[in-house]
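Colleague: work-v4.txt (compact mmCIF, C-alpha atoms and all ligand atoms) pasted underneath:
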```txt
# COMPACT_ATOMS: atom_id res chain seq x y z
CA MET A 160 5.70 7.22 1.03
CA PRO A 161 4.96 7.33 4.72
CA GLU A 162 2.50 4.66 5.82
CA MET A 163 0.83 4.11 9.14
CA PRO A 164 3.97 3.21 11.19
CA GLU A 165 5.80 6.34 10.01
CA VAL A 166 2.72 8.54 10.38
CA GLU A 167 2.19 7.13 13.87
CA SER A 168 5.70 8.04 14.86
CA LEU A 169 5.40 11.48 13.24
CA ALA A 170 2.29 11.97 15.40
CA GLN A 171 4.28 11.04 18.52
CA PHE A 172 7.19 13.25 17.44
CA LEU A 173 4.89 16.24 16.85
CA THR A 174 3.06 15.60 20.12
CA ASP A 175 6.36 15.96 22.00
CA LYS A 176 7.38 19.06 20.07
CA CYS A 177 4.11 20.97 19.60
CA VAL A 178 1.53 20.25 22.29
CA GLY A 179 1.20 23.21 24.62
CA HIS A 180 2.66 25.61 22.08
CA ALA A 181 0.59 28.19 20.25
CA ILE A 182 0.73 28.50 16.48
CA ALA A 183 2.25 31.86 15.50
CA ARG A 184 1.43 31.61 11.81
CA ILE A 185 1.02 29.22 8.91
CA ASP A 186 2.37 30.04 5.46
CA LEU A 187 1.12 28.24 2.38
CA ALA A 188 3.62 27.91 -0.46
CA ALA A 189 1.83 25.36 -2.66
CA PHE A 190 -1.66 26.75 -3.09
CA SER A 191 -3.02 23.65 -4.79
CA ALA A 192 -2.30 21.57 -1.65
CA LEU A 193 -5.02 23.27 0.41
CA LYS A 194 -8.32 21.51 -0.26
CA THR A 195 -10.61 23.63 1.94
CA TYR A 196 -11.51 27.34 1.83
CA GLU A 197 -13.16 28.02 5.17
CA PRO A 198 -11.89 28.55 7.82
CA PRO A 199 -8.69 30.15 6.40
CA LEU A 200 -5.19 29.13 7.58
CA SER A 201 -4.87 32.50 9.31
CA ALA A 202 -7.53 31.33 11.79
CA PHE A 203 -4.82 29.21 13.48
CA SER A 204 -2.75 32.23 14.58
CA GLY A 205 -2.64 32.30 18.38
CA LEU A 206 -4.37 28.95 18.89
CA GLU A 207 -2.75 26.42 21.21
CA ILE A 208 -2.04 22.91 19.95
CA GLU A 209 -3.84 20.40 22.14
CA SER A 210 -3.08 17.11 20.44
CA VAL A 211 -1.58 15.47 17.38
CA THR A 212 -3.25 12.25 16.28
CA ARG A 213 -3.50 9.96 13.28
CA HIS A 214 -6.39 8.73 11.13
CA GLY A 215 -5.04 6.06 8.78
CA LYS A 216 -2.22 7.90 6.99
CA PHE A 217 -3.63 11.35 7.83
CA LEU A 218 -2.08 13.51 10.55
CA ASP A 219 -4.44 15.67 12.58
CA ILE A 220 -3.22 18.69 14.55
CA ASP A 221 -5.95 19.84 16.91
CA ALA A 222 -5.49 23.48 17.87
CA SER A 223 -8.31 24.45 20.20
CA ARG A 224 -10.80 22.49 18.09
CA LEU A 225 -9.66 23.83 14.76
CA HIS A 226 -7.93 20.99 12.94
CA LEU A 227 -5.07 21.09 10.46
CA VAL A 228 -5.20 17.70 8.76
CA PHE A 229 -2.71 16.56 6.14
CA HIS A 230 -1.82 13.59 3.99
CA LEU A 231 1.79 13.42 2.83
CA ALA A 232 1.01 11.21 -0.20
CA ARG A 233 3.80 9.57 -2.15
CA ALA A 234 6.47 12.25 -2.17
CA GLY A 235 5.57 14.42 0.79
CA TRP A 236 7.59 14.75 3.98
CA LEU A 237 7.78 16.70 7.21
CA ARG A 238 10.91 18.56 8.24
CA TRP A 239 11.16 19.79 11.80
CA ARG A 240 13.32 22.81 12.68
CA ASP A 241 14.16 24.07 16.15
CA LYS A 242 14.57 27.50 14.59
CA LEU A 243 12.71 28.32 11.40
CA PRO A 244 14.33 30.81 9.00
CA ASP A 245 12.99 34.35 9.24
CA ALA A 246 12.77 34.83 5.48
CA PRO A 247 9.21 34.66 4.16
CA THR A 248 8.21 31.59 2.17
CA ARG A 249 8.08 32.03 -1.58
CA PRO A 250 5.01 30.50 -3.17
CA GLY A 251 5.56 28.15 -6.04
CA LYS A 252 9.32 27.82 -5.54
CA GLY A 253 10.88 24.47 -4.70
CA PRO A 254 9.46 21.60 -2.69
CA LEU A 255 8.03 23.65 0.21
CA ALA A 256 4.26 23.27 0.52
CA LEU A 257 3.49 24.66 3.97
CA ARG A 258 5.32 26.14 6.95
CA VAL A 259 3.92 26.02 10.47
CA ARG A 260 5.60 28.40 12.89
CA LEU A 261 5.11 28.04 16.64
CA ASP A 262 5.32 30.72 19.32
CA ASP A 263 9.02 30.00 20.02
CA ASP A 264 10.01 30.11 16.30
CA SER A 265 10.38 26.35 16.11
CA GLY A 266 8.10 24.56 13.68
CA PHE A 267 7.95 22.40 10.61
CA ASP A 268 7.86 22.47 6.85
CA LEU A 269 5.77 20.13 4.76
CA THR A 270 7.60 19.44 1.53
CA GLU A 271 6.84 17.52 -1.61
CA ALA A 272 9.47 16.20 -3.98
CA GLY A 273 9.01 15.75 -7.72
CA THR A 274 6.43 17.30 -10.01
CA GLN A 275 3.27 15.45 -8.99
CA ARG A 276 1.25 17.51 -6.53
CA LYS A 277 -0.53 15.01 -4.28
CA LEU A 278 0.10 16.37 -0.78
CA ALA A 279 -3.26 17.41 0.67
CA LEU A 280 -4.10 19.87 3.48
CA TYR A 281 -7.43 20.52 5.12
CA VAL A 282 -8.63 23.04 7.69
CA VAL A 283 -11.75 21.73 9.40
CA THR A 284 -13.59 21.89 12.69
CA ASP A 285 -14.21 18.12 12.52
CA PRO A 286 -11.88 15.68 10.66
CA GLN A 287 -14.94 13.63 9.68
CA GLU A 288 -15.83 16.45 7.26
CA ILE A 289 -12.99 15.17 5.06
CA PRO A 290 -14.43 12.47 2.78
CA HIS A 291 -11.19 10.43 2.69
CA VAL A 292 -11.12 10.40 6.49
CA ALA A 293 -14.83 9.70 6.94
CA THR A 294 -14.63 6.63 4.67
CA LEU A 295 -11.55 5.08 6.31
CA GLY A 296 -11.87 1.44 7.28
CA PRO A 297 -10.92 0.19 10.75
CA ASP A 298 -7.43 0.83 12.08
CA PRO A 299 -5.49 -2.46 12.22
CA LEU A 300 -3.88 -1.45 15.52
CA ALA A 301 -7.20 -0.79 17.23
CA GLU A 302 -8.23 -3.33 19.83
CA GLU A 303 -11.51 -4.09 18.06
CA PHE A 304 -9.59 -5.13 14.94
CA ASP A 305 -9.67 -8.87 15.65
CA ARG A 306 -9.51 -11.98 13.50
CA ASP A 307 -13.30 -12.02 13.02
CA MET A 308 -13.26 -8.44 11.79
CA LEU A 309 -10.54 -9.27 9.26
CA ALA A 310 -12.52 -12.34 8.16
CA SER A 311 -15.64 -10.28 7.45
CA LEU A 312 -13.66 -7.54 5.65
CA LEU A 313 -12.10 -10.18 3.38
CA ARG A 314 -15.45 -11.87 2.77
CA ALA A 315 -16.91 -8.52 1.74
CA ALA A 316 -13.99 -7.96 -0.65
CA GLY A 317 -14.98 -11.10 -2.60
CA ARG A 318 -12.51 -12.22 -5.25
CA SER A 319 -10.48 -8.99 -5.19
CA GLN A 320 -6.75 -9.67 -4.90
CA LEU A 321 -5.25 -9.55 -1.40
CA LYS A 322 -2.65 -6.96 -2.34
CA GLY A 323 -5.29 -4.45 -3.46
CA VAL A 324 -7.59 -5.20 -0.53
CA LEU A 325 -4.86 -4.59 2.06
CA LYS A 326 -3.99 -1.24 0.42
CA ASP A 327 -7.60 -0.07 0.11
CA GLN A 328 -8.03 2.60 2.79
CA ARG A 329 -11.80 2.05 2.88
CA THR A 330 -11.23 -1.59 3.90
CA ILE A 331 -8.33 -1.15 6.35
CA ALA A 332 -6.80 2.22 7.24
CA GLY A 333 -3.10 2.95 7.04
CA ILE A 334 -1.49 0.13 5.04
CA GLY A 335 0.14 1.16 1.75
CA ASN A 336 2.31 -0.38 -0.94
CA ALA A 337 5.32 -1.18 1.24
CA TYR A 338 3.69 -2.77 4.28
CA SER A 339 1.20 -4.75 2.18
CA ASP A 340 4.22 -6.40 0.49
CA GLU A 341 5.80 -7.05 3.90
CA ILE A 342 2.60 -8.47 5.42
CA LEU A 343 1.96 -10.83 2.49
CA HIS A 344 5.59 -12.00 2.56
CA ALA A 345 5.42 -12.66 6.31
CA ALA A 346 2.13 -14.54 5.83
CA LYS A 347 3.54 -16.48 2.84
CA LEU A 348 0.55 -15.53 0.70
CA SER A 349 0.42 -14.59 -2.98
CA PRO A 350 -0.46 -10.92 -3.57
CA PHE A 351 -2.92 -12.08 -6.24
CA LYS A 352 -4.81 -14.56 -4.07
CA PRO A 353 -8.55 -13.78 -3.91
CA ALA A 354 -9.50 -12.19 -0.59
CA ASN A 355 -12.31 -14.67 0.03
CA GLY A 356 -10.18 -17.71 -0.83
CA LEU A 357 -8.18 -18.11 2.37
CA THR A 358 -8.20 -21.23 4.53
CA GLU A 359 -8.78 -20.79 8.27
CA ALA A 360 -5.05 -21.29 8.88
CA GLU A 361 -4.12 -18.71 6.23
CA LEU A 362 -6.56 -16.23 7.74
CA THR A 363 -4.93 -16.65 11.16
CA THR A 364 -1.45 -16.18 9.70
CA LEU A 365 -2.51 -13.11 7.73
CA TYR A 366 -4.13 -11.59 10.81
CA GLU A 367 -1.03 -12.17 12.91
CA SER A 368 1.23 -10.83 10.16
CA ILE A 369 -0.76 -7.57 9.92
CA LYS A 370 -0.48 -7.00 13.66
CA THR A 371 3.17 -8.04 13.95
CA GLU A 372 4.56 -6.29 10.88
CA LEU A 373 2.93 -2.96 11.81
CA ALA A 374 3.78 -3.20 15.51
CA ASP A 375 7.42 -4.07 14.69
CA ALA A 376 7.67 -1.16 12.25
CA ILE A 377 6.27 1.21 14.86
CA LYS A 378 8.74 -0.08 17.43
CA ARG A 379 11.64 0.48 15.01
CA ALA A 380 10.43 4.03 14.30
CA GLU A 381 9.71 4.90 17.93
CA GLY A 382 11.59 7.87 19.27
CA LEU A 383 13.24 8.64 15.92
CA ALA A 384 13.36 12.21 14.71
CA ALA A 385 11.26 12.96 11.62
CA LYS A 386 14.39 13.15 9.46
CA ASP A 387 15.48 9.61 10.37
CA LEU A 388 12.18 7.87 9.68
CA LYS A 389 12.60 7.36 5.94
CA GLY A 390 15.93 5.57 6.25
CA GLU A 391 14.62 3.42 9.07
CA LYS A 392 11.57 2.40 7.06
CA LYS A 393 13.68 1.35 4.08
CA SER A 394 16.22 -0.64 6.08
CA GLY A 395 13.49 -2.47 7.99
CA LEU A 396 11.72 -3.81 4.90
CA ARG A 397 12.47 -7.42 3.94
CA VAL A 398 10.89 -7.70 0.52
CA HIS A 399 9.49 -4.33 -0.58
CA GLY A 400 11.89 -2.46 -2.88
CA ARG A 401 14.30 -5.41 -2.85
CA LYS A 402 13.84 -6.92 -6.31
CA GLY A 403 16.77 -9.18 -7.21
CA GLU A 404 17.99 -9.43 -3.61
CA LYS A 405 18.00 -12.60 -1.54
CA CYS A 406 14.97 -13.41 0.58
CA ASP A 407 16.20 -13.63 4.16
CA VAL A 408 13.66 -16.35 4.96
CA CYS A 409 14.41 -18.88 2.18
CA GLY A 410 17.43 -17.53 0.29
CA GLY A 411 15.44 -17.31 -2.97
CA THR A 412 15.46 -14.27 -5.24
CA ILE A 413 12.86 -11.54 -4.68
CA ALA A 414 10.75 -10.84 -7.78
CA GLU A 415 8.62 -7.92 -8.92
CA VAL A 416 5.38 -7.18 -10.75
CA SER A 417 5.20 -3.71 -12.32
CA PHE A 418 2.08 -1.69 -12.93
CA ALA A 419 1.66 1.62 -14.72
CA ASP A 420 2.68 3.74 -11.72
CA SER A 421 3.77 1.30 -9.04
CA ALA A 422 5.34 -2.10 -8.46
CA LEU A 423 5.02 -4.87 -5.92
CA GLN A 424 7.75 -7.20 -4.74
CA TYR A 425 7.36 -10.75 -3.44
CA CYS A 426 9.33 -13.93 -2.88
CA PRO A 427 8.19 -16.66 -5.31
CA THR A 428 9.59 -19.45 -3.10
CA CYS A 429 7.84 -18.20 0.06
CA GLN A 430 4.62 -16.92 -1.46
CA THR A 431 3.65 -18.49 -4.79
CA GLY A 432 5.05 -22.03 -4.69
CA GLY A 433 7.98 -20.93 -6.85
CA LYS A 434 5.74 -19.58 -9.62
CA LEU A 435 6.61 -16.19 -11.14
CA LEU A 436 3.61 -13.89 -11.34
CA ALA A 437 2.93 -12.36 -14.76
CA ASP A 438 4.27 -8.84 -15.07
CA ARG A 439 1.20 -6.92 -16.20
CA ARG A 440 3.10 -4.13 -17.87
CA LEU A 441 5.44 -6.44 -19.72
CA SER A 442 2.73 -8.80 -20.95
CA ARG A 443 0.67 -5.89 -22.24
CA LEU A 444 3.63 -4.63 -24.23
CA LEU A 445 4.18 -8.07 -25.75
CA LYS A 446 0.60 -8.44 -26.97
ZN ZN B 1 11.51 -16.42 0.51
```
As structure tokens, how would this structure be written, given the file I've shared?
Modeller:
Amino acid sequence: MPEMPEVESLAQFLTDKCVGHAIARIDLAAFSALKTYEPPLSAFSGLEIESVTRHGKFLDIDASRLHLVFHLARAGWLRWRDKLPDAPTRPGKGPLALRVRLDDDSGFDLTEAGTQRKLALYVVTDPQEIPHVATLGPDPLAEEFDRDMLASLLRAAGRSQLKGVLKDQRTIAGIGNAYSDEILHAAKLSPFKPANGLTEAELTTLYESIKTELADAIKRAEGLAAKDLKGEKKSGLRVHGRKGEKCDVCGGTIAEVSFADSALQYCPTCQTGGKLLADRRLSRLLK
């Protein structure tokens, strides 16, 4: 699943490729992905792309003040092509959700793997019309996101667990399952620690870890083509998705907690004083 660093570099990639080009046409293959009715996708034909920006994990293509906004969700991806095939898209067949064709026949496909349909597209004149965009918390890369701001966000979150608070888009925009694991590992904090239970020193470390982990991930992804981003993300992660592997900080073994539809990974030695966190799914089965 692309998170803020990947979406940020997709925004840069699309800026280089698309800005200044007009949209020739947009074809929708997965009808359920489009969440708005007016204006229609055909309204983009002939409009010039002026910018490509990011709101949290949403990408926003501004074409003469009509915005195509999309969220790739867990299994969505963007595939750029210097020359799109001429054959028309076939609705409902395969992973293709949307095809955007530019005036020189280059363009991109949005695809979604698997059977869950979570990829979401919106056509709006103002991105703030999209509820999930309007309710986004502050962007952790923004200058105004300082240590005091993090402190007040965590205070407001009360005893909620850090892992969930970092992933909550209404609290902080752009961090998902992978980078929340990485940030908590770098900060040596338990994913289950209550948000309002941090010492001043822990707060400082968490703040610095958020900034550093995201900035490093963006640096690693910088200049990569869309197709290379996924591999880069995976190879850059030190704890997420690495259950059973050695922690490269302490040499301990990385552990996992599974939930119904996701899992988190952490290093017990670095983060929980050697204690294994209860696996929620497993303990429910044993009851
Ligand atoms: Zn460790």
Colleague: Dump as CSV the rows for residues of chain A within 7 Å of ligand ZN 1 (chain B): closest atom pair and distance in Å with one decimal, only C-alpha atoms and all ligand atoms counted, ordered by chain and rising residue number.
Modeller:
```
residue,atom,partner,partner_atom,distance
A:Cys406,CA,B:ZN1,ZN,4.6
A:Asp407,CA,B:ZN1,ZN,6.6
A:Val408,CA,B:ZN1,ZN,4.9
A:Cys409,CA,B:ZN1,ZN,4.2
A:Gly410,CA,B:ZN1,ZN,6.0
A:Gly411,CA,B:ZN1,ZN,5.3
A:Cys426,CA,B:ZN1,ZN,4.7
A:Pro427,CA,B:ZN1,ZN,6.7
A:Thr428,CA,B:ZN1,ZN,5.1
A:Cys429,CA,B:ZN1,ZN,4.1
```
Colleague: Smallest atom-to-atom distance to Asp285 of chain A: which of A:Ala310, A:Ile334, A:Leu243, A:Ala222, using only C-alpha atoms?
Modeller: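 Closest residue, counting only C-alpha atoms: A:Ala222.
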Colleague: Provide the atom CA of Val166 of chain A to atom CA of Leu261 of chain A distance in Å, to one decimal place.
Modeller: 20.6 Å
Colleague: Using only C-alpha atoms, which of A:Asp375, A:Glu404, A:Glu415, A:Asp262 sits nearest Glu165 of chain A?
Modeller: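 That would be A:Asp375, the residue with the smallest distance to Glu165 of chain A.
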Colleague: Measuring atom to atom with only C-alpha atoms, identify which of A:Leu357, A:Asp305, A:Leu396, A:Ala316 is nearest to Ile342 of chain A.
Modeller: A:Leu396
Colleague: What does the distance between atom CA of Gly251 of chain A and atom CA of Trp239 of chain A come to in Å, to one decimal place?
Modeller: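 Separation of atom CA of Gly251 of chain A and atom CA of Trp239 of chain A: 20.5 Å.
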Colleague: Atom CA of Ser168 of chain A and atom CA of Ile208 of chain A, how far apart in Å?
Modeller: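 Answer for the atom CA of Ile208 of chain A to atom CA of Ser168 of chain A separation: 17.5 Å.
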Colleague: Tell me which of A:Arg184, A:Arg249, A:Arg329, A:Lys378 sits closest to Pro290 of chain A, counting all atoms listed in the file.
Modeller: A:Arg329
Colleague: So which one's closest to Ala256 of chain A, A:Val178, A:Leu227, A:Ala192, A:Ala346? Using all atoms listed in the file, please.
Modeller: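 Closest to Ala256 of chain A of all the choices is A:Ala192.
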Colleague: Nearest residue to Glu207 of chain A out of A:Leu436, A:Ile331, A:His230, A:Ile182, using all atoms listed in the file?
Modeller: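 The shortest atom-to-atom distance to Glu207 of chain A comes from A:Ile182.
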Colleague: Just the residues within 10 Å of Tyr425 of chain A, please, counting all atoms listed in the file, with nothing from its chain fewer than 2 positions along; format it as a PyMOL selection string.
Modeller: chain A and resi 340-341+343-344+347-350+397-402+406+412-416+423+427-431+435-436
Colleague: Emit the selected residues as a short mmCIF file (atom, residue, chain, number, x, y, z; two decimals), in the coordinates of the input, including C-alpha atoms.
Modeller:
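After the write, again07.cif holds the following:
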```cif
data_model
loop_
_atom_site.label_atom_id
_atom_site.label_comp_id
_atom_site.auth_asym_id
_atom_site.auth_seq_id
_atom_site.Cartn_x
_atom_site.Cartn_y
_atom_site.Cartn_z
CA ASP A 340 4.22 -6.40 0.49
CA GLU A 341 5.80 -7.05 3.90
CA LEU A 343 1.96 -10.83 2.49
CA HIS A 344 5.59 -12.00 2.56
CA LYS A 347 3.54 -16.48 2.84
CA LEU A 348 0.55 -15.53 0.70
CA SER A 349 0.42 -14.59 -2.98
CA PRO A 350 -0.46 -10.92 -3.57
CA ARG A 397 12.47 -7.42 3.94
CA VAL A 398 10.89 -7.70 0.52
CA HIS A 399 9.49 -4.33 -0.58
CA GLY A 400 11.89 -2.46 -2.88
CA ARG A 401 14.30 -5.41 -2.85
CA LYS A 402 13.84 -6.92 -6.31
CA CYS A 406 14.97 -13.41 0.58
CA THR A 412 15.46 -14.27 -5.24
CA ILE A 413 12.86 -11.54 -4.68
CA ALA A 414 10.75 -10.84 -7.78
CA GLU A 415 8.62 -7.92 -8.92
CA VAL A 416 5.38 -7.18 -10.75
CA LEU A 423 5.02 -4.87 -5.92
CA PRO A 427 8.19 -16.66 -5.31
CA THR A 428 9.59 -19.45 -3.10
CA CYS A 429 7.84 -18.20 0.06
CA GLN A 430 4.62 -16.92 -1.46
CA THR A 431 3.65 -18.49 -4.79
CA LEU A 435 6.61 -16.19 -11.14
CA LEU A 436 3.61 -13.89 -11.34
#
```
Colleague: Find the spatial neighbours of Gly253 of chain A, counting all atoms listed in the file, within a cut-off of 9 Å - ignore same-chain residues fewer than 4 positions away - and output them as a ChimeraX atom specification.
Modeller: /A:249,270-272
Colleague: Enclose all atoms of segment 360-378 of chain A listed in the file in an axis-aligned box, grow every side by 3 Å, and hand back centre and edge lengths in Å to one decimal, as JSON.
Modeller:
```
{"center_x": 1.1, "center_y": -10.0, "center_z": 11.8, "size_x": 21.3, "size_y": 28.5, "size_z": 17.2}
```
Colleague: Excluding Val282 of chain A and its own-chain neighbours fewer than 4 positions away, which residues fall within 10 Å of it when counting all atoms listed in the file? Please give them as an mmCIF file with C-alpha atoms, keeping the file's coordinate frame.
Modeller:
```
data_model
loop_
_atom_site.group_PDB
_atom_site.id
_atom_site.type_symbol
_atom_site.label_atom_id
_atom_site.label_comp_id
_atom_site.auth_asym_id
_atom_site.auth_seq_id
_atom_site.Cartn_x
_atom_site.Cartn_y
_atom_site.Cartn_z
ATOM 1 C CA LEU A 193 -5.020 23.270 0.410
ATOM 2 C CA LYS A 194 -8.320 21.510 -0.260
ATOM 3 C CA THR A 195 -10.610 23.630 1.940
ATOM 4 C CA TYR A 196 -11.510 27.340 1.830
ATOM 5 C CA GLU A 197 -13.160 28.020 5.170
ATOM 6 C CA PRO A 198 -11.890 28.550 7.820
ATOM 7 C CA PRO A 199 -8.690 30.150 6.400
ATOM 8 C CA LEU A 200 -5.190 29.130 7.580
ATOM 9 C CA ALA A 202 -7.530 31.330 11.790
ATOM 10 C CA PHE A 203 -4.820 29.210 13.480
ATOM 11 C CA ASP A 219 -4.440 15.670 12.580
ATOM 12 C CA ILE A 220 -3.220 18.690 14.550
ATOM 13 C CA LEU A 225 -9.660 23.830 14.760
ATOM 14 C CA HIS A 226 -7.930 20.990 12.940
ATOM 15 C CA LEU A 227 -5.070 21.090 10.460
ATOM 16 C CA VAL A 228 -5.200 17.700 8.760
ATOM 17 C CA PHE A 229 -2.710 16.560 6.140
ATOM 18 C CA PRO A 286 -11.880 15.680 10.660
ATOM 19 C CA GLU A 288 -15.830 16.450 7.260
ATOM 20 C CA ILE A 289 -12.990 15.170 5.060
#
```
Colleague: From (7.5, 22.5, 4.5), in the file's coordinates, out to 6 Å: which residues are reached, counting only C-alpha atoms? Answer as a list in words.
Modeller: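 Counting only C-alpha atoms, I find these residues within 6 Å of (7.5, 22.5, 4.5): Leu255, Ala256, Leu257, Arg258, Asp268, Leu269 and Thr270 of chain A.
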Colleague: Need the shell around Ala170 of chain A: protein/DNA/RNA residues with any atom at most 8 Å away, counting only C-alpha atoms. Skip same-chain ones fewer than 6 positions apart. Format as a PyMOL selection string?
Modeller: chain A and resi 211-213+218
Colleague: Can you patch up segment 207-215 of chain A, filling it in to all heavy atoms, and show the result as an mmCIF file, keeping the file's coordinate frame?
Modeller:
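Result file follows (rebuild30.cif):
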```cif
data_model
loop_
_atom_site.group_PDB
_atom_site.id
_atom_site.type_symbol
_atom_site.label_atom_id
_atom_site.label_comp_id
_atom_site.auth_asym_id
_atom_site.auth_seq_id
_atom_site.Cartn_x
_atom_site.Cartn_y
_atom_site.Cartn_z
ATOM 1 N N GLU A 207 -3.674 27.367 20.593
ATOM 2 C CA GLU A 207 -2.750 26.420 21.210
ATOM 3 C C GLU A 207 -3.002 25.006 20.693
ATOM 4 O O GLU A 207 -4.153 24.577 20.551
ATOM 5 C CB GLU A 207 -2.944 26.443 22.734
ATOM 6 C CG GLU A 207 -1.928 25.578 23.450
ATOM 7 C CD GLU A 207 -2.130 25.608 24.971
ATOM 8 O OE1 GLU A 207 -2.350 26.704 25.510
ATOM 9 O OE2 GLU A 207 -2.060 24.517 25.575
ATOM 10 N N ILE A 208 -1.922 24.300 20.428
ATOM 11 C CA ILE A 208 -2.040 22.910 19.950
ATOM 12 C C ILE A 208 -2.327 21.997 21.134
ATOM 13 O O ILE A 208 -1.583 21.975 22.121
ATOM 14 C CB ILE A 208 -0.762 22.476 19.201
ATOM 15 C CG1 ILE A 208 -0.593 23.332 17.942
ATOM 16 C CG2 ILE A 208 -0.826 20.989 18.841
ATOM 17 C CD1 ILE A 208 0.673 23.056 17.155
ATOM 18 N N GLU A 209 -3.430 21.261 21.025
ATOM 19 C CA GLU A 209 -3.840 20.400 22.140
ATOM 20 C C GLU A 209 -3.467 18.944 21.930
ATOM 21 O O GLU A 209 -3.211 18.220 22.884
ATOM 22 C CB GLU A 209 -5.355 20.534 22.351
ATOM 23 C CG GLU A 209 -5.704 21.921 22.880
ATOM 24 C CD GLU A 209 -7.202 22.187 22.960
ATOM 25 O OE1 GLU A 209 -7.985 21.352 22.461
ATOM 26 O OE2 GLU A 209 -7.557 23.234 23.514
ATOM 27 N N SER A 210 -3.467 18.505 20.685
ATOM 28 C CA SER A 210 -3.080 17.110 20.440
ATOM 29 C C SER A 210 -2.678 16.922 18.983
ATOM 30 O O SER A 210 -3.026 17.733 18.123
ATOM 31 C CB SER A 210 -4.237 16.160 20.778
ATOM 32 O OG SER A 210 -5.275 16.314 19.830
ATOM 33 N N VAL A 211 -1.914 15.867 18.744
ATOM 34 C CA VAL A 211 -1.580 15.470 17.380
ATOM 35 C C VAL A 211 -1.900 13.983 17.271
ATOM 36 O O VAL A 211 -1.348 13.173 18.023
ATOM 37 C CB VAL A 211 -0.091 15.712 17.044
ATOM 38 C CG1 VAL A 211 0.192 15.361 15.583
ATOM 39 C CG2 VAL A 211 0.304 17.160 17.326
ATOM 40 N N THR A 212 -2.831 13.647 16.396
ATOM 41 C CA THR A 212 -3.250 12.250 16.280
ATOM 42 C C THR A 212 -3.207 11.807 14.816
ATOM 43 O O THR A 212 -2.875 12.583 13.930
ATOM 44 C CB THR A 212 -4.680 12.057 16.833
ATOM 45 O OG1 THR A 212 -5.540 13.004 16.198
ATOM 46 C CG2 THR A 212 -4.724 12.251 18.334
ATOM 47 N N ARG A 213 -3.576 10.563 14.613
ATOM 48 C CA ARG A 213 -3.500 9.960 13.280
ATOM 49 C C ARG A 213 -4.839 9.320 12.925
ATOM 50 O O ARG A 213 -5.496 8.733 13.785
ATOM 51 C CB ARG A 213 -2.404 8.878 13.317
ATOM 52 C CG ARG A 213 -2.227 8.082 12.057
ATOM 53 C CD ARG A 213 -1.175 7.009 12.235
ATOM 54 N NE ARG A 213 -1.557 5.979 13.196
ATOM 55 C CZ ARG A 213 -2.425 5.003 12.951
ATOM 56 N NH1 ARG A 213 -3.011 4.921 11.783
ATOM 57 N NH2 ARG A 213 -2.719 4.117 13.885
ATOM 58 N N HIS A 214 -5.254 9.488 11.670
ATOM 59 C CA HIS A 214 -6.390 8.730 11.130
ATOM 60 C C HIS A 214 -5.858 8.029 9.880
ATOM 61 O O HIS A 214 -5.584 8.709 8.879
ATOM 62 C CB HIS A 214 -7.546 9.650 10.714
ATOM 63 C CG HIS A 214 -7.911 10.672 11.754
ATOM 64 N ND1 HIS A 214 -8.667 10.363 12.866
ATOM 65 C CD2 HIS A 214 -7.599 11.983 11.854
ATOM 66 C CE1 HIS A 214 -8.820 11.463 13.594
ATOM 67 N NE2 HIS A 214 -8.184 12.460 13.012
ATOM 68 N N GLY A 215 -5.673 6.731 9.917
ATOM 69 C CA GLY A 215 -5.040 6.060 8.780
ATOM 70 C C GLY A 215 -3.694 6.710 8.531
ATOM 71 O O GLY A 215 -2.852 6.806 9.427
#
```
